[in-house]
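Dropping upload_6.txt in here (compact mmCIF, C-alpha atoms and all ligand atoms):
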# COMPACT_ATOMS: atom_id res chain seq x y z
CA MET A 1 -34.13 -16.09 13.12
CA LYS A 2 -35.55 -14.75 9.87
CA ARG A 3 -33.37 -11.70 10.27
CA LEU A 4 -30.27 -13.77 10.94
CA ILE A 5 -30.88 -15.69 7.70
CA LEU A 6 -31.48 -12.42 5.88
CA ILE A 7 -28.14 -11.14 7.11
CA LEU A 8 -26.30 -14.31 6.13
CA LEU A 9 -27.84 -14.08 2.66
CA LEU A 10 -27.11 -10.40 2.30
CA SER A 11 -23.60 -10.41 3.72
CA PRO A 12 -21.68 -11.49 0.61
CA ALA A 13 -23.58 -9.00 -1.53
CA LEU A 14 -23.22 -6.36 1.13
CA LEU A 15 -19.49 -6.79 1.33
CA GLY A 16 -18.77 -7.60 -2.26
CA SER A 17 -16.43 -10.24 -0.77
CA ARG A 18 -13.62 -7.79 -1.42
CA THR A 19 -11.60 -7.90 1.73
CA PHE A 20 -11.09 -10.58 4.31
CA GLU A 21 -10.84 -7.84 6.92
CA THR A 22 -14.38 -6.69 6.28
CA ILE A 23 -15.74 -10.22 6.38
CA ASP A 24 -13.95 -10.80 9.67
CA LEU A 25 -15.43 -7.62 10.96
CA ILE A 26 -18.96 -8.67 10.07
CA LEU A 27 -18.36 -12.08 11.62
CA ASP A 28 -17.23 -10.34 14.78
CA LEU A 29 -20.33 -8.20 14.77
CA ALA A 30 -22.53 -11.21 14.05
CA ARG A 31 -21.27 -13.02 17.16
CA SER A 32 -23.58 -10.99 19.31
CA ARG A 33 -27.30 -11.40 18.78
CA GLU A 34 -27.83 -7.73 19.46
CA ALA A 35 -25.33 -6.79 16.78
CA VAL A 36 -27.06 -8.99 14.22
CA ARG A 37 -30.39 -7.42 15.05
CA GLU A 38 -28.91 -4.00 14.66
CA LEU A 39 -27.32 -4.88 11.34
CA ALA A 40 -30.61 -6.36 10.14
CA ARG A 41 -32.42 -3.19 11.10
CA ALA A 42 -29.82 -1.21 9.21
CA VAL A 43 -30.32 -3.35 6.11
CA ASP A 44 -34.10 -2.99 6.39
CA LEU A 45 -33.83 0.76 6.46
CA GLY A 46 -31.28 1.04 3.69
CA SER A 47 -28.87 2.72 6.02
CA VAL A 48 -25.83 0.56 5.32
CA PRO A 49 -23.14 2.62 3.54
CA SER A 50 -22.96 1.16 0.04
CA ILE A 51 -22.19 3.86 -2.54
CA ALA A 52 -19.42 6.39 -3.20
CA PRO A 53 -20.24 9.83 -1.77
CA ALA A 54 -19.37 11.50 -5.09
CA PRO A 55 -18.34 10.68 -8.65
CA GLY A 56 -14.70 11.25 -9.51
CA ARG A 57 -11.19 9.85 -9.57
CA ILE A 58 -9.72 8.05 -6.56
CA SER A 59 -6.79 10.29 -5.64
CA SER A 60 -5.71 8.49 -2.46
CA ARG A 61 -6.61 5.12 -0.96
CA PHE A 62 -7.11 3.99 2.64
CA GLY A 63 -3.95 2.92 4.46
CA SER A 64 -0.34 3.93 4.87
CA ARG A 65 0.85 6.70 2.53
CA VAL A 66 3.15 9.68 2.23
CA HIS A 67 1.06 12.68 3.31
CA PRO A 68 0.64 15.13 0.37
CA VAL A 69 1.12 18.19 2.59
CA TRP A 70 3.34 16.98 5.45
CA ARG A 71 5.49 14.74 3.21
CA CYS A 72 5.87 12.08 5.87
CA ARG A 73 4.54 8.52 6.02
CA SER A 74 1.24 8.40 7.85
CA PHE A 75 -1.97 6.43 8.02
CA HIS A 76 -4.71 7.67 5.68
CA SER A 77 -7.97 6.88 7.46
CA GLY A 78 -10.23 7.35 4.44
CA LEU A 79 -10.64 7.32 0.68
CA ASP A 80 -10.08 10.48 -1.38
CA ILE A 81 -12.20 11.12 -4.46
CA ALA A 82 -11.27 14.12 -6.60
CA ASN A 83 -13.50 16.03 -8.98
CA ALA A 84 -14.46 19.61 -9.81
CA GLU A 85 -15.18 22.06 -7.02
CA GLY A 86 -18.95 22.09 -6.44
CA THR A 87 -19.56 18.43 -7.39
CA PRO A 88 -22.49 17.20 -5.24
CA VAL A 89 -21.52 15.02 -2.26
CA CYS A 90 -24.20 12.68 -0.98
CA ALA A 91 -25.08 10.45 1.96
CA VAL A 92 -23.75 6.92 1.36
CA GLY A 93 -26.59 5.39 3.36
CA GLY A 94 -29.53 6.51 5.46
CA GLY A 95 -29.02 7.88 8.93
CA VAL A 96 -28.95 10.91 11.16
CA VAL A 97 -26.54 13.81 10.79
CA VAL A 98 -24.57 14.01 14.05
CA PHE A 99 -22.18 16.77 12.98
CA ALA A 100 -22.24 19.32 10.15
CA GLY A 101 -19.92 22.25 9.57
CA GLY A 102 -16.40 23.29 10.39
CA GLY A 103 -14.54 24.51 13.40
CA ARG A 104 -12.01 23.02 15.73
CA ARG A 105 -13.55 19.61 16.31
CA TYR A 106 -12.39 18.25 12.96
CA SER A 107 -9.62 20.73 12.39
CA GLY A 108 -7.63 19.95 9.25
CA TYR A 109 -10.70 18.37 7.66
CA GLY A 110 -12.42 21.69 6.92
CA ASN A 111 -16.18 21.45 6.53
CA VAL A 112 -17.42 17.97 7.38
CA VAL A 113 -20.65 16.01 7.63
CA VAL A 114 -20.80 13.01 9.97
CA ILE A 115 -23.73 10.60 9.63
CA GLU A 116 -24.70 7.95 12.17
CA HIS A 117 -26.07 4.94 10.26
CA SER A 118 -26.46 2.77 13.35
CA PRO A 119 -25.08 3.13 16.87
CA ARG A 120 -21.99 1.28 15.61
CA VAL A 121 -21.50 2.69 12.13
CA ARG A 122 -20.66 6.28 11.20
CA THR A 123 -19.42 7.88 8.01
CA MET A 124 -17.71 11.21 7.48
CA VAL A 125 -17.21 13.31 4.35
CA ALA A 126 -14.66 16.10 4.64
CA HIS A 127 -13.11 19.14 2.90
CA LEU A 128 -16.59 20.16 1.72
CA GLY A 129 -17.28 23.54 0.15
CA ALA A 130 -20.95 24.07 1.00
CA VAL A 131 -22.83 22.08 3.66
CA PHE A 132 -26.57 21.59 3.09
CA VAL A 133 -27.55 19.67 6.22
CA ALA A 134 -27.59 20.37 9.94
CA GLU A 135 -27.15 18.27 13.07
CA GLY A 136 -30.26 16.16 13.68
CA ASP A 137 -31.34 15.95 10.02
CA ARG A 138 -32.42 12.54 8.77
CA VAL A 139 -30.93 11.65 5.42
CA ARG A 140 -31.45 8.86 2.94
CA ARG A 141 -28.88 7.24 0.69
CA GLY A 142 -28.19 9.58 -2.23
CA ASP A 143 -29.38 12.79 -0.52
CA VAL A 144 -26.98 15.62 -1.32
CA VAL A 145 -25.37 16.79 1.93
CA GLY A 146 -22.88 19.30 0.50
CA THR A 147 -20.46 20.07 -2.31
CA MET A 148 -16.91 19.07 -3.04
CA GLY A 149 -14.41 21.68 -1.92
CA SER A 150 -10.90 22.08 -0.61
CA THR A 151 -11.46 23.36 2.94
CA GLY A 152 -9.05 22.40 5.72
CA ILE A 153 -5.64 20.92 4.90
CA SER A 154 -6.08 19.94 1.27
CA THR A 155 -4.17 20.25 -2.00
CA GLY A 156 -7.22 20.56 -4.27
CA PRO A 157 -10.96 19.87 -4.54
CA HIS A 158 -11.72 16.34 -3.30
CA VAL A 159 -13.85 14.55 -0.76
CA HIS A 160 -12.22 12.57 2.05
CA TYR A 161 -14.60 9.72 2.92
CA GLU A 162 -14.35 7.66 6.11
CA ILE A 163 -16.29 4.74 7.59
CA ILE A 164 -15.95 4.17 11.29
CA VAL A 165 -17.25 0.87 12.70
CA GLU A 166 -17.27 0.69 16.48
CA GLY A 167 -14.64 3.43 16.61
CA ILE A 168 -12.33 1.74 14.10
CA HIS A 169 -11.67 3.10 10.63
CA VAL A 170 -12.29 0.56 7.88
CA ASP A 171 -11.50 0.70 4.15
CA PRO A 172 -14.41 2.54 2.47
CA GLU A 173 -13.65 0.96 -0.92
CA ALA A 174 -14.94 -2.38 0.38
CA TRP A 175 -18.26 -0.67 1.10
CA ILE A 176 -18.82 0.73 -2.37
CA LEU A 177 -20.93 -1.89 -4.11
ZN ZN A 201 -8.12 11.90 2.68
Kindly transcribe the structure held in the file into structure tokens.
Ligand SMILES: [Zn+2]
Amino acid sequence: MKRLILILLLSPALLGSRTFETIDLILDLARSREAVRELARAVDLGSVPSIAPAPGRISSRFGSRVHPVWRCRSFHSGLDIANAEGTPVCAVGGGVVVFAGGGRRYSGYGNVVVIEHSPRVRTMVAHLGAVFVAEGDRVRRGDVVGTMGSTGISTGPHVHYEIIVEGIHVDPEAWIL
């Protein structure tokens, strides 16, 4: 019960009350007691994504857009932040690295780091230059996991940042507090 109250108190701060979608999402999650417990655990451990992965200029937002390379309208599943090549890219919340590196699995995204923050919440940073972590590493919010680059299909140095909640991409901007 204490935890449920904690969550209810923390939710507005956590979400920044920026999008109705995100609030709906949390309400959906909160409907199951297990989900609330999990969320509470995440809050306790500081693993909820809550910062930008890197400083810089937002070069593309989440949602429908004209693809910069393919020139056709498509869904952009993340937030792009542009800055100089080599700018440190960090973990947006604590968790475990479940994928680090390049290869076919995330083809087009170049070098990526995927962090599991809870069994339901994952984040991904993509187009990295260097990668400083490996699968299985535990990271805390703010730990540098790599550097900004332009690997994969990219028009210049930037980080593509995604949040995936229960397999669904959500707008990362609502999770930058
Ligand atoms: Zn992107």
| field | Ref. answer, residues at most 12 Å from (-26.4, 6.2, 1.6) with all atoms listed in the file, as an NGL selection string | value | :A and (42-43 or 45-54 or 89-97 or 115-117 or 122-125 or 138-145 or 163 or 175-177)
File of the preceding selection, C-alpha atoms, as a short mmCIF file (atom, residue, chain, number, x, y, z; two decimals), in the coordinates of the input:
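For reference, again-v4.cif as written:
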data_model
loop_
_atom_site.label_atom_id
_atom_site.label_comp_id
_atom_site.auth_asym_id
_atom_site.auth_seq_id
_atom_site.Cartn_x
_atom_site.Cartn_y
_atom_site.Cartn_z
CA ALA A 42 -29.82 -1.21 9.21
CA VAL A 43 -30.32 -3.35 6.11
CA LEU A 45 -33.83 0.76 6.46
CA GLY A 46 -31.28 1.04 3.69
CA SER A 47 -28.87 2.72 6.02
CA VAL A 48 -25.83 0.56 5.32
CA PRO A 49 -23.14 2.62 3.54
CA SER A 50 -22.96 1.16 0.04
CA ILE A 51 -22.19 3.86 -2.54
CA ALA A 52 -19.42 6.39 -3.20
CA PRO A 53 -20.24 9.83 -1.77
CA ALA A 54 -19.37 11.50 -5.09
CA VAL A 89 -21.52 15.02 -2.26
CA CYS A 90 -24.20 12.68 -0.98
CA ALA A 91 -25.08 10.45 1.96
CA VAL A 92 -23.75 6.92 1.36
CA GLY A 93 -26.59 5.39 3.36
CA GLY A 94 -29.53 6.51 5.46
CA GLY A 95 -29.02 7.88 8.93
CA VAL A 96 -28.95 10.91 11.16
CA VAL A 97 -26.54 13.81 10.79
CA ILE A 115 -23.73 10.60 9.63
CA GLU A 116 -24.70 7.95 12.17
CA HIS A 117 -26.07 4.94 10.26
CA ARG A 122 -20.66 6.28 11.20
CA THR A 123 -19.42 7.88 8.01
CA MET A 124 -17.71 11.21 7.48
CA VAL A 125 -17.21 13.31 4.35
CA ARG A 138 -32.42 12.54 8.77
CA VAL A 139 -30.93 11.65 5.42
CA ARG A 140 -31.45 8.86 2.94
CA ARG A 141 -28.88 7.24 0.69
CA GLY A 142 -28.19 9.58 -2.23
CA ASP A 143 -29.38 12.79 -0.52
CA VAL A 144 -26.98 15.62 -1.32
CA VAL A 145 -25.37 16.79 1.93
CA ILE A 163 -16.29 4.74 7.59
CA TRP A 175 -18.26 -0.67 1.10
CA ILE A 176 -18.82 0.73 -2.37
CA LEU A 177 -20.93 -1.89 -4.11
#
| remark: Taken to one decimal, the atom CA of Pro157 of chain A-atom CA of Asn111 of chain A distance is 12.3 Å
| message | With all atoms listed in the file as the counted atoms, please give the residues lying no more than 12 Å from Ser107 of chain A, apart from itself and same-chain residues fewer than 3 positions off, as a PyMOL selection string. | response | chain A and resi 101-104+110-112+126-127+151-154
| Between atom CA of Ser64 of chain A and atom CA of Pro88 of chain A, distance in Å (one decimal) | 27.7 Å
Taking all atoms of segment 59-63 of chain A that the file lists and extending 6 Å past them on each side, where is the centre of the axis-aligned box and how long are its edges? Answer in Å to one decimal, as JSON.
{"center_x": -5.5, "center_y": 6.6, "center_z": -0.6, "size_x": 15.2, "size_y": 19.4, "size_z": 22.1}
| request: Name the residues, by chain letter and number, that sit within 12 Å of ligand ZN 201 (chain A) using only C-alpha atoms and all ligand atoms, and give them as number ranges by chain. | output: A: 58-69, 74-82, 108-110, 124-128, 150-163, 171-172
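Note that atom CA of Thr147 of chain A and atom CA of Ala174 of chain A are 23.3 Å apart.
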| task | Tell me which protein, DNA and RNA residues are within 7 Å of Val165 of chain A, counting all atoms listed in the file, leaving out same-chain ones fewer than 4 positions away, and put them as a PyMOL selection string. | result | chain A and resi 120-122+169-170
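Shortest atom-to-atom contact with Glu166 of chain A among A:Tyr106, A:Ser118, A:Gly129, A:Thr87: A:Ser118, counting only C-alpha atoms.
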Where atoms are absent from segment 122-133 of chain A, fill them in so it carries N, CA and C atoms, then output it as a PDB file, in the frame of the given file.
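Okay, this is what ended up in out.pdb:
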ATOM      1  N   ARG A 122     -20.604   4.871  11.584  1.00  0.00           N
ATOM      2  CA  ARG A 122     -20.660   6.280  11.200  1.00  0.00           C
ATOM      3  C   ARG A 122     -19.862   6.487   9.937  1.00  0.00           C
ATOM      4  N   THR A 123     -20.251   7.483   9.141  1.00  0.00           N
ATOM      5  CA  THR A 123     -19.420   7.880   8.010  1.00  0.00           C
ATOM      6  C   THR A 123     -19.158   9.375   8.105  1.00  0.00           C
ATOM      7  N   MET A 124     -18.048   9.791   7.508  1.00  0.00           N
ATOM      8  CA  MET A 124     -17.710  11.210   7.480  1.00  0.00           C
ATOM      9  C   MET A 124     -17.273  11.583   6.076  1.00  0.00           C
ATOM     10  N   VAL A 125     -17.737  12.731   5.587  1.00  0.00           N
ATOM     11  CA  VAL A 125     -17.210  13.310   4.350  1.00  0.00           C
ATOM     12  C   VAL A 125     -16.600  14.652   4.733  1.00  0.00           C
ATOM     13  N   ALA A 126     -15.400  14.918   4.199  1.00  0.00           N
ATOM     14  CA  ALA A 126     -14.660  16.100   4.640  1.00  0.00           C
ATOM     15  C   ALA A 126     -14.134  16.938   3.492  1.00  0.00           C
ATOM     16  N   HIS A 127     -13.630  18.124   3.826  1.00  0.00           N
ATOM     17  CA  HIS A 127     -13.110  19.140   2.900  1.00  0.00           C
ATOM     18  C   HIS A 127     -14.209  19.718   2.017  1.00  0.00           C
ATOM     19  N   LEU A 128     -15.458  19.683   2.521  1.00  0.00           N
ATOM     20  CA  LEU A 128     -16.590  20.160   1.720  1.00  0.00           C
ATOM     21  C   LEU A 128     -16.518  21.668   1.504  1.00  0.00           C
ATOM     22  N   GLY A 129     -17.113  22.117   0.380  1.00  0.00           N
ATOM     23  CA  GLY A 129     -17.280  23.540   0.150  1.00  0.00           C
ATOM     24  C   GLY A 129     -18.520  23.970   0.926  1.00  0.00           C
ATOM     25  N   ALA A 130     -19.693  23.752   0.322  1.00  0.00           N
ATOM     26  CA  ALA A 130     -20.950  24.070   1.000  1.00  0.00           C
ATOM     27  C   ALA A 130     -21.438  22.864   1.797  1.00  0.00           C
ATOM     28  N   VAL A 131     -22.182  23.134   2.866  1.00  0.00           N
ATOM     29  CA  VAL A 131     -22.830  22.080   3.660  1.00  0.00           C
ATOM     30  C   VAL A 131     -24.327  22.368   3.655  1.00  0.00           C
ATOM     31  N   PHE A 132     -25.116  21.374   3.233  1.00  0.00           N
ATOM     32  CA  PHE A 132     -26.570  21.590   3.090  1.00  0.00           C
ATOM     33  C   PHE A 132     -27.400  20.978   4.198  1.00  0.00           C
ATOM     34  N   VAL A 133     -26.771  20.313   5.152  1.00  0.00           N
ATOM     35  CA  VAL A 133     -27.550  19.670   6.220  1.00  0.00           C
ATOM     36  C   VAL A 133     -27.104  20.219   7.576  1.00  0.00           C
TER      37      VAL A 133
END
